[in-house]
>>> print(open('run-v7.tsv').read())   # TSV, C-alpha atoms
chain	number	residue	atom	x	y	z
P	172	GLY	CA	127.85	53.47	85.19
P	173	GLN	CA	125.51	56.40	85.50
P	174	ASN	CA	126.14	60.08	84.73
P	175	ILE	CA	123.29	62.39	85.69
P	176	ASP	CA	123.23	66.15	85.11
P	177	GLN	CA	120.85	68.75	86.52
P	178	PRO	CA	121.18	72.51	86.92
P	179	THR	CA	122.54	73.43	90.33
P	180	GLU	CA	120.15	76.27	91.10
P	181	MET	CA	117.00	77.85	89.70
P	182	THR	CA	114.87	80.77	90.79
P	183	ALA	CA	111.23	81.37	89.91
P	184	THR	CA	108.33	83.55	90.97
P	185	GLU	CA	105.32	82.48	92.98
P	186	GLY	CA	102.46	81.48	90.68
P	187	ALA	CA	104.75	80.86	87.72
P	188	ILE	CA	105.78	77.63	85.95
P	189	VAL	CA	109.29	76.18	86.17
P	190	GLN	CA	110.91	73.29	84.31
P	191	ILE	CA	113.83	71.42	85.85
P	192	ASN	CA	115.81	69.35	83.37
P	193	CYS	CA	117.75	66.16	83.93
P	194	THR	CA	119.98	64.41	81.41
P	195	TYR	CA	121.51	61.03	81.96
P	196	GLN	CA	123.92	58.60	80.38
P	197	THR	CA	123.56	55.05	81.54
P	198	SER	CA	124.71	51.56	80.74
P	199	GLY	CA	121.31	50.26	81.77
P	200	PHE	CA	118.03	52.10	82.37
P	201	ASN	CA	114.96	50.94	84.26
P	202	GLY	CA	113.13	54.12	85.07
P	203	LEU	CA	113.65	57.64	86.33
P	204	PHE	CA	112.41	59.09	89.60
P	205	TRP	CA	111.99	62.65	90.80
P	206	TYR	CA	112.20	63.42	94.51
P	207	GLN	CA	111.71	66.65	96.47
P	208	GLN	CA	113.90	67.34	99.47
P	209	HIS	CA	113.44	70.28	101.81
P	210	ALA	CA	116.50	71.38	103.75
P	211	GLY	CA	117.18	69.07	106.67
P	212	GLU	CA	114.44	66.63	105.68
P	213	ALA	CA	114.26	63.31	103.85
P	214	PRO	CA	113.51	63.07	100.13
P	215	THR	CA	109.86	62.53	99.20
P	216	PHE	CA	108.76	60.80	96.02
P	217	LEU	CA	107.20	62.97	93.31
P	218	SER	CA	107.06	60.94	90.11
P	219	TYR	CA	108.30	57.95	88.18
P	220	ASN	CA	108.73	57.51	84.42
P	221	VAL	CA	109.78	54.32	82.69
P	222	LEU	CA	108.12	54.86	79.29
P	223	ASP	CA	108.42	57.90	77.05
P	224	GLY	CA	105.91	60.64	77.59
P	225	LEU	CA	104.38	62.87	80.18
P	226	GLU	CA	103.06	61.82	83.59
P	227	GLU	CA	100.86	64.39	85.30
P	228	LYS	CA	100.12	64.56	89.01
P	229	GLY	CA	98.36	67.69	90.07
P	230	ARG	CA	100.70	70.67	89.88
P	231	PHE	CA	103.66	68.44	89.06
P	232	SER	CA	104.36	66.69	85.75
P	233	SER	CA	107.34	64.68	84.61
P	234	PHE	CA	108.46	63.90	81.08
P	235	LEU	CA	110.83	61.25	79.76
P	236	SER	CA	112.58	60.69	76.44
P	237	ARG	CA	114.63	57.51	76.64
P	238	SER	CA	116.21	57.98	73.20
P	239	LYS	CA	117.54	61.38	74.27
P	240	GLY	CA	118.42	60.41	77.85
P	241	TYR	CA	116.35	63.35	79.01
P	242	SER	CA	113.69	64.09	81.58
P	243	TYR	CA	112.12	67.19	83.03
P	244	LEU	CA	110.00	68.01	86.04
P	245	LEU	CA	107.40	70.71	85.47
P	246	LEU	CA	106.01	72.59	88.44
P	247	LYS	CA	102.95	74.77	87.84
P	248	GLU	CA	101.36	77.48	90.00
P	249	LEU	CA	104.46	77.70	92.10
P	250	GLN	CA	104.07	78.18	95.83
P	251	MET	CA	106.60	79.36	98.36
P	252	LYS	CA	106.63	75.87	99.91
P	253	ASP	CA	107.97	74.49	96.60
P	254	SER	CA	111.36	75.99	97.49
P	255	ALA	CA	113.43	72.82	97.89
P	256	SER	CA	116.01	70.62	96.23
P	257	TYR	CA	114.72	68.44	93.39
P	258	LEU	CA	116.58	65.20	92.81
P	259	CYS	CA	116.55	63.19	89.62
P	260	ALA	CA	117.38	59.50	90.17
P	261	VAL	CA	117.94	56.81	87.56
P	262	ARG	CA	117.09	53.23	88.36
P	263	HIS	CA	119.58	50.67	87.10
P	264	ASN	CA	118.59	47.96	84.71
P	265	THR	CA	119.15	45.18	87.21
P	266	ASN	CA	117.00	43.49	89.77
P	267	ALA	CA	119.19	44.76	92.57
P	268	GLY	CA	117.20	47.92	93.28
P	269	LYS	CA	120.01	50.38	92.78
P	270	SER	CA	119.19	53.98	91.89
P	271	THR	CA	121.76	56.70	91.32
P	272	PHE	CA	120.85	60.26	92.27
P	273	GLY	CA	121.83	63.44	90.49
P	274	ASP	CA	123.29	66.26	92.57
P	275	GLY	CA	119.90	67.96	92.76
P	276	THR	CA	118.54	71.33	91.68
P	277	THR	CA	117.90	73.89	94.40
P	278	LEU	CA	114.76	75.81	93.50
P	279	THR	CA	114.04	79.14	95.18
P	280	VAL	CA	110.53	80.53	94.79
P	281	LYS	CA	110.29	84.30	95.32
P	282	PRO	CA	107.16	86.34	96.02
Y	174	ASP	CA	100.77	53.29	107.93
Y	175	THR	CA	102.87	54.86	105.18
Y	176	GLU	CA	105.80	55.85	107.30
Y	177	VAL	CA	109.39	54.85	107.64
Y	178	THR	CA	110.63	55.69	111.12
Y	179	GLN	CA	114.23	56.08	112.22
Y	180	THR	CA	115.80	56.37	115.64
Y	181	PRO	CA	117.57	58.26	117.00
Y	182	LYS	CA	117.00	61.58	115.23
Y	183	HIS	CA	120.42	62.84	116.31
Y	184	LEU	CA	123.50	60.96	117.48
Y	185	VAL	CA	126.86	62.21	118.67
Y	186	MET	CA	129.50	59.55	119.17
Y	187	GLY	CA	133.20	59.31	119.75
Y	188	MET	CA	135.52	57.39	117.48
Y	189	THR	CA	135.78	54.49	119.93
Y	190	ASN	CA	132.05	54.12	120.58
Y	191	LYS	CA	129.69	51.45	119.32
Y	192	LYS	CA	126.18	52.57	118.44
Y	193	SER	CA	123.28	51.43	116.28
Y	194	LEU	CA	120.81	53.20	114.03
Y	195	LYS	CA	117.35	51.72	113.72
Y	196	CYS	CA	114.78	51.83	110.94
Y	197	GLU	CA	111.25	50.43	110.88
Y	198	GLN	CA	108.45	50.23	108.33
Y	199	HIS	CA	105.04	48.54	108.46
Y	200	MET	CA	104.03	48.89	104.83
Y	201	GLY	CA	104.85	45.28	103.98
Y	202	HIS	CA	107.78	46.40	101.86
Y	203	ARG	CA	110.35	43.69	101.23
Y	204	ALA	CA	113.25	45.92	100.15
Y	205	MET	CA	115.07	48.23	102.53
Y	206	TYR	CA	117.99	50.58	101.98
Y	207	TRP	CA	120.62	52.58	103.83
Y	208	TYR	CA	121.89	55.82	102.31
Y	209	LYS	CA	124.45	58.35	103.49
Y	210	GLN	CA	123.93	62.00	102.65
Y	211	LYS	CA	126.43	64.80	103.17
Y	212	ALA	CA	125.35	68.44	103.16
Y	213	LYS	CA	124.31	69.74	99.74
Y	214	LYS	CA	124.99	66.33	98.16
Y	215	PRO	CA	122.63	63.64	96.93
Y	216	PRO	CA	122.02	60.44	98.90
Y	217	GLU	CA	124.68	57.77	98.33
Y	218	LEU	CA	123.57	54.17	98.45
Y	219	MET	CA	125.28	52.04	101.10
Y	220	PHE	CA	123.31	48.80	101.44
Y	221	VAL	CA	120.22	47.14	100.00
Y	222	TYR	CA	118.29	44.29	101.59
Y	223	SER	CA	115.72	42.25	99.75
Y	224	TYR	CA	113.59	39.73	101.67
Y	225	GLU	CA	115.93	40.17	104.64
Y	226	LYS	CA	118.99	39.20	102.59
Y	227	LEU	CA	121.81	41.60	101.73
Y	228	SER	CA	121.53	42.37	98.03
Y	229	ILE	CA	123.98	45.23	97.59
Y	230	ASN	CA	126.98	46.43	99.59
Y	231	GLU	CA	128.42	49.47	97.84
Y	232	SER	CA	131.96	48.79	99.07
Y	233	VAL	CA	131.13	50.31	102.43
Y	234	PRO	CA	133.89	50.13	105.10
Y	235	SER	CA	133.43	47.36	107.64
Y	236	ARG	CA	133.00	49.89	110.44
Y	237	PHE	CA	129.41	50.04	109.13
Y	238	SER	CA	127.57	46.76	109.64
Y	239	PRO	CA	123.96	46.35	108.48
Y	240	GLU	CA	121.48	43.91	109.91
Y	241	CYS	CA	117.94	43.01	108.89
Y	242	PRO	CA	116.36	41.03	111.76
Y	243	ASN	CA	112.96	40.80	110.05
Y	244	SER	CA	111.00	42.26	107.16
Y	245	SER	CA	110.06	45.40	109.12
Y	246	LEU	CA	113.36	46.28	110.74
Y	247	LEU	CA	116.74	47.42	109.48
Y	248	ASN	CA	119.68	48.28	111.69
Y	249	LEU	CA	123.03	49.89	110.99
Y	250	HIS	CA	125.70	49.07	113.57
Y	251	LEU	CA	128.49	51.61	113.90
Y	252	HIS	CA	131.94	50.99	115.35
Y	253	ALA	CA	135.20	52.94	115.29
Y	254	LEU	CA	133.84	55.64	113.01
Y	255	GLN	CA	135.85	58.56	111.66
Y	256	PRO	CA	134.88	62.25	111.75
Y	257	GLU	CA	134.33	62.14	107.96
Y	258	ASP	CA	131.50	59.65	108.59
Y	259	SER	CA	129.45	62.49	110.05
Y	260	ALA	CA	126.38	62.80	107.80
Y	261	LEU	CA	122.63	62.27	107.57
Y	262	TYR	CA	121.88	58.53	107.38
Y	263	LEU	CA	118.67	57.79	105.55
Y	264	CYS	CA	116.70	54.58	105.57
Y	265	ALA	CA	114.25	53.83	102.76
Y	266	SER	CA	111.93	51.03	101.75
Y	267	SER	CA	110.14	49.95	98.59
Y	268	PRO	CA	107.64	47.18	97.88
Y	269	ARG	CA	110.33	45.07	96.24
Y	270	LEU	CA	113.40	45.33	94.01
Y	271	SER	CA	112.42	43.63	90.80
Y	272	GLY	CA	109.89	44.67	88.24
Y	273	GLN	CA	108.68	48.09	87.27
Y	274	GLY	CA	108.26	51.16	89.40
Y	275	TYR	CA	108.47	50.94	93.14
Y	276	GLU	CA	109.45	54.29	94.47
Y	277	GLN	CA	111.37	54.46	97.69
Y	278	TYR	CA	109.86	55.85	100.85
Y	279	PHE	CA	112.45	57.59	102.98
Y	280	GLY	CA	112.60	57.93	106.73
Y	281	PRO	CA	113.45	61.29	108.35
Y	282	GLY	CA	117.07	60.26	108.84
Y	283	THR	CA	119.55	60.18	111.70
Y	284	ARG	CA	121.93	63.13	111.90
Y	285	LEU	CA	125.23	61.56	112.99
Y	286	THR	CA	128.17	63.54	114.33
Y	287	VAL	CA	131.45	61.71	115.03
Y	288	THR	CA	133.79	63.58	117.38
>>> encode(input="run-v7.tsv", output="structure tokens")
Amino acid sequence: GQNIDQPTEMTATEGAIVQINCTYQTSGFNGLFWYQQHAGEAPTFLSYNVLDGLEEKGRFSSFLSRSKGYSYLLLKELQMKDSASYLCAVRHNTNAGKSTFGDGTTLTVKP
Amino acid sequence: DTEVTQTPKHLVMGMTNKKSLKCEQHMGHRAMYWYKQKAKKPPELMFVYSYEKLSINESVPSRFSPECPNSSLLNLHLHALQPEDSALYLCASSPRLSGQGYEQYFGPGTRLTVT
């Protein structure tokens, strides 16, 4: 099975940098996704890591260490619109397409 | 077209009603998903279709019945639901199931209330 842990809430200041951590324990691993979800809206894809290292996409970067079962999402130059829930999801090591989501981290960006 | 569309946006139904949720994508994706999401909780996988065939049923009660008429459409038929089934129902698609990568694109969801 999958066990995914993320902090429940985080607060940061506009213009700052914030790192949201995700740890997982899995019987099979085939990649880790990060999604952003604003209240009342659908999740939107941010990043995908399957190999160790850092993936950078504009203001957002995601890091993976498979040996440690650890990932983080780094958000730079925070904007008020970045206030949202950030979901870490682990893809199972099967061909069936199953991903398990963590409970999400609610990020509040303050002026 | 990089959208997944869902109808209706909102649905209120009684416990004896029969209704259907619809999902459509025109990105050529061959995998489609139904998720259920309760407030302040992550999406929970319900069903996965791959090439119009049911690939995963996460032990979902039979009052939820999925259907994939073609590669662009995914339906969820609802019958005799319970109030605890009230939730946001999300449809998603991805290019395929196997291989590396393939993020899921989510639709805006249907907010279902069972009275």
>>> atom_distance(input="run-v7.tsv", atom1="CA of Ser244 (chain Y)", atom2="CA of Leu203 (chain P)")
26.0 Å
>>> atom_distance(input="run-v7.tsv", atom1="CA of Leu217 (chain P)", atom2="CA of Ala255 (chain P)")
12.5 Å
>>> closest_residue(input="run-v7.tsv", among="Y:Cys241, Y:Leu227, Y:Ala253, Y:Val287", to="chain P", atoms="all atoms listed in the file")
Y:Leu227
>>> interface_residues(input="run-v7.tsv", of="chain Y", to="chain P", cutoff="7 Å", atoms="only C-alpha atoms", output="MDAnalysis selection string")
chainID Y and resid 214:216 228:229 270:271 274 276 278:282
>>> residues_around(input="run-v7.tsv", residues="region 198-211 of chain Y", least_positions_apart="6", cutoff="10 Å", atoms="only C-alpha atoms", output="VMD selection string")
(chain P and resid 213 267 to 269) or (chain Y and resid 174 to 179 217 to 230 239 241 243 to 249 257 to 271 275 277 to 280 282 to 284)
>>> write_last_selection(input="run-v7.tsv", atoms="C-alpha atoms", output="PDB file, in the coordinates of the input")
ATOM      1  CA  ALA P 213     114.260  63.310 103.850  1.00  0.00           C
ATOM      2  CA  ALA P 267     119.190  44.760  92.570  1.00  0.00           C
ATOM      3  CA  GLY P 268     117.200  47.920  93.280  1.00  0.00           C
ATOM      4  CA  LYS P 269     120.010  50.380  92.780  1.00  0.00           C
TER       5      LYS P 269
ATOM      6  CA  ASP Y 174     100.770  53.290 107.930  1.00  0.00           C
ATOM      7  CA  THR Y 175     102.870  54.860 105.180  1.00  0.00           C
ATOM      8  CA  GLU Y 176     105.800  55.850 107.300  1.00  0.00           C
ATOM      9  CA  VAL Y 177     109.390  54.850 107.640  1.00  0.00           C
ATOM     10  CA  THR Y 178     110.630  55.690 111.120  1.00  0.00           C
ATOM     11  CA  GLN Y 179     114.230  56.080 112.220  1.00  0.00           C
ATOM     12  CA  GLU Y 217     124.680  57.770  98.330  1.00  0.00           C
ATOM     13  CA  LEU Y 218     123.570  54.170  98.450  1.00  0.00           C
ATOM     14  CA  MET Y 219     125.280  52.040 101.100  1.00  0.00           C
ATOM     15  CA  PHE Y 220     123.310  48.800 101.440  1.00  0.00           C
ATOM     16  CA  VAL Y 221     120.220  47.140 100.000  1.00  0.00           C
ATOM     17  CA  TYR Y 222     118.290  44.290 101.590  1.00  0.00           C
ATOM     18  CA  SER Y 223     115.720  42.250  99.750  1.00  0.00           C
ATOM     19  CA  TYR Y 224     113.590  39.730 101.670  1.00  0.00           C
ATOM     20  CA  GLU Y 225     115.930  40.170 104.640  1.00  0.00           C
ATOM     21  CA  LYS Y 226     118.990  39.200 102.590  1.00  0.00           C
ATOM     22  CA  LEU Y 227     121.810  41.600 101.730  1.00  0.00           C
ATOM     23  CA  SER Y 228     121.530  42.370  98.030  1.00  0.00           C
ATOM     24  CA  ILE Y 229     123.980  45.230  97.590  1.00  0.00           C
ATOM     25  CA  ASN Y 230     126.980  46.430  99.590  1.00  0.00           C
ATOM     26  CA  PRO Y 239     123.960  46.350 108.480  1.00  0.00           C
ATOM     27  CA  CYS Y 241     117.940  43.010 108.890  1.00  0.00           C
ATOM     28  CA  ASN Y 243     112.960  40.800 110.050  1.00  0.00           C
ATOM     29  CA  SER Y 244     111.000  42.260 107.160  1.00  0.00           C
ATOM     30  CA  SER Y 245     110.060  45.400 109.120  1.00  0.00           C
ATOM     31  CA  LEU Y 246     113.360  46.280 110.740  1.00  0.00           C
ATOM     32  CA  LEU Y 247     116.740  47.420 109.480  1.00  0.00           C
ATOM     33  CA  ASN Y 248     119.680  48.280 111.690  1.00  0.00           C
ATOM     34  CA  LEU Y 249     123.030  49.890 110.990  1.00  0.00           C
ATOM     35  CA  GLU Y 257     134.330  62.140 107.960  1.00  0.00           C
ATOM     36  CA  ASP Y 258     131.500  59.650 108.590  1.00  0.00           C
ATOM     37  CA  SER Y 259     129.450  62.490 110.050  1.00  0.00           C
ATOM     38  CA  ALA Y 260     126.380  62.800 107.800  1.00  0.00           C
ATOM     39  CA  LEU Y 261     122.630  62.270 107.570  1.00  0.00           C
ATOM     40  CA  TYR Y 262     121.880  58.530 107.380  1.00  0.00           C
ATOM     41  CA  LEU Y 263     118.670  57.790 105.550  1.00  0.00           C
ATOM     42  CA  CYS Y 264     116.700  54.580 105.570  1.00  0.00           C
ATOM     43  CA  ALA Y 265     114.250  53.830 102.760  1.00  0.00           C
ATOM     44  CA  SER Y 266     111.930  51.030 101.750  1.00  0.00           C
ATOM     45  CA  SER Y 267     110.140  49.950  98.590  1.00  0.00           C
ATOM     46  CA  PRO Y 268     107.640  47.180  97.880  1.00  0.00           C
ATOM     47  CA  ARG Y 269     110.330  45.070  96.240  1.00  0.00           C
ATOM     48  CA  LEU Y 270     113.400  45.330  94.010  1.00  0.00           C
ATOM     49  CA  SER Y 271     112.420  43.630  90.800  1.00  0.00           C
ATOM     50  CA  TYR Y 275     108.470  50.940  93.140  1.00  0.00           C
ATOM     51  CA  GLN Y 277     111.370  54.460  97.690  1.00  0.00           C
ATOM     52  CA  TYR Y 278     109.860  55.850 100.850  1.00  0.00           C
ATOM     53  CA  PHE Y 279     112.450  57.590 102.980  1.00  0.00           C
ATOM     54  CA  GLY Y 280     112.600  57.930 106.730  1.00  0.00           C
ATOM     55  CA  GLY Y 282     117.070  60.260 108.840  1.00  0.00           C
ATOM     56  CA  THR Y 283     119.550  60.180 111.700  1.00  0.00           C
ATOM     57  CA  ARG Y 284     121.930  63.130 111.900  1.00  0.00           C
TER      58      ARG Y 284
END
>>> residues_around(input="run-v7.tsv", residues="region 183-196 of chain P", least_positions_apart="5", cutoff="8 Å", atoms="only C-alpha atoms", output="JSON, numbers by chain")
{"P": [173, 174, 175, 176, 177, 178, 240, 241, 242, 243, 244, 245, 246, 247, 248, 249, 250, 251, 259, 261, 276, 278, 279, 280, 281, 282]}
>>> write_last_selection(input="run-v7.tsv", atoms="C-alpha atoms", output="CSV table (one decimal), keeping the file's coordinate frame")
chain,number,residue,atom,x,y,z
P,173,GLN,CA,125.5,56.4,85.5
P,174,ASN,CA,126.1,60.1,84.7
P,175,ILE,CA,123.3,62.4,85.7
P,176,ASP,CA,123.2,66.2,85.1
P,177,GLN,CA,120.8,68.8,86.5
P,178,PRO,CA,121.2,72.5,86.9
P,240,GLY,CA,118.4,60.4,77.8
P,241,TYR,CA,116.4,63.4,79.0
P,242,SER,CA,113.7,64.1,81.6
P,243,TYR,CA,112.1,67.2,83.0
P,244,LEU,CA,110.0,68.0,86.0
P,245,LEU,CA,107.4,70.7,85.5
P,246,LEU,CA,106.0,72.6,88.4
P,247,LYS,CA,103.0,74.8,87.8
P,248,GLU,CA,101.4,77.5,90.0
P,249,LEU,CA,104.5,77.7,92.1
P,250,GLN,CA,104.1,78.2,95.8
P,251,MET,CA,106.6,79.4,98.4
P,259,CYS,CA,116.6,63.2,89.6
P,261,VAL,CA,117.9,56.8,87.6
P,276,THR,CA,118.5,71.3,91.7
P,278,LEU,CA,114.8,75.8,93.5
P,279,THR,CA,114.0,79.1,95.2
P,280,VAL,CA,110.5,80.5,94.8
P,281,LYS,CA,110.3,84.3,95.3
P,282,PRO,CA,107.2,86.3,96.0
>>> atom_distance(input="run-v7.tsv", atom1="CA of Glu231 (chain Y)", atom2="CA of His263 (chain P)")
14.0 Å
>>> axis_aligned_box(input="run-v7.tsv", around="region 196-214 of chain P", padding_each_side="5 Å", output="JSON")
{"center_x": 118.2, "center_y": 60.8, "center_z": 93.5, "size_x": 23.0, "size_y": 31.1, "size_z": 36.3}
>>> closest_residue(input="run-v7.tsv", among="Y:Lys213, Y:Leu251, Y:Phe237, Y:Thr286", to="His209 (chain P)", atoms="only C-alpha atoms")
Y:Lys213
>>> residues_near_point(input="run-v7.tsv", point="(128.5, 60.2, 119.2)", cutoff="10 Å", atoms="all atoms listed in the file", output="PDB file with C-alpha atoms, in the coordinates of the input")
ATOM      1  CA  HIS Y 183     120.420  62.840 116.310  1.00  0.00           C
ATOM      2  CA  LEU Y 184     123.500  60.960 117.480  1.00  0.00           C
ATOM      3  CA  VAL Y 185     126.860  62.210 118.670  1.00  0.00           C
ATOM      4  CA  MET Y 186     129.500  59.550 119.170  1.00  0.00           C
ATOM      5  CA  GLY Y 187     133.200  59.310 119.750  1.00  0.00           C
ATOM      6  CA  MET Y 188     135.520  57.390 117.480  1.00  0.00           C
ATOM      7  CA  THR Y 189     135.780  54.490 119.930  1.00  0.00           C
ATOM      8  CA  ASN Y 190     132.050  54.120 120.580  1.00  0.00           C
ATOM      9  CA  LYS Y 191     129.690  51.450 119.320  1.00  0.00           C
ATOM     10  CA  LYS Y 192     126.180  52.570 118.440  1.00  0.00           C
ATOM     11  CA  LEU Y 254     133.840  55.640 113.010  1.00  0.00           C
ATOM     12  CA  SER Y 259     129.450  62.490 110.050  1.00  0.00           C
ATOM     13  CA  LEU Y 285     125.230  61.560 112.990  1.00  0.00           C
ATOM     14  CA  THR Y 286     128.170  63.540 114.330  1.00  0.00           C
ATOM     15  CA  VAL Y 287     131.450  61.710 115.030  1.00  0.00           C
ATOM     16  CA  THR Y 288     133.790  63.580 117.380  1.00  0.00           C
TER      17      THR Y 288
END
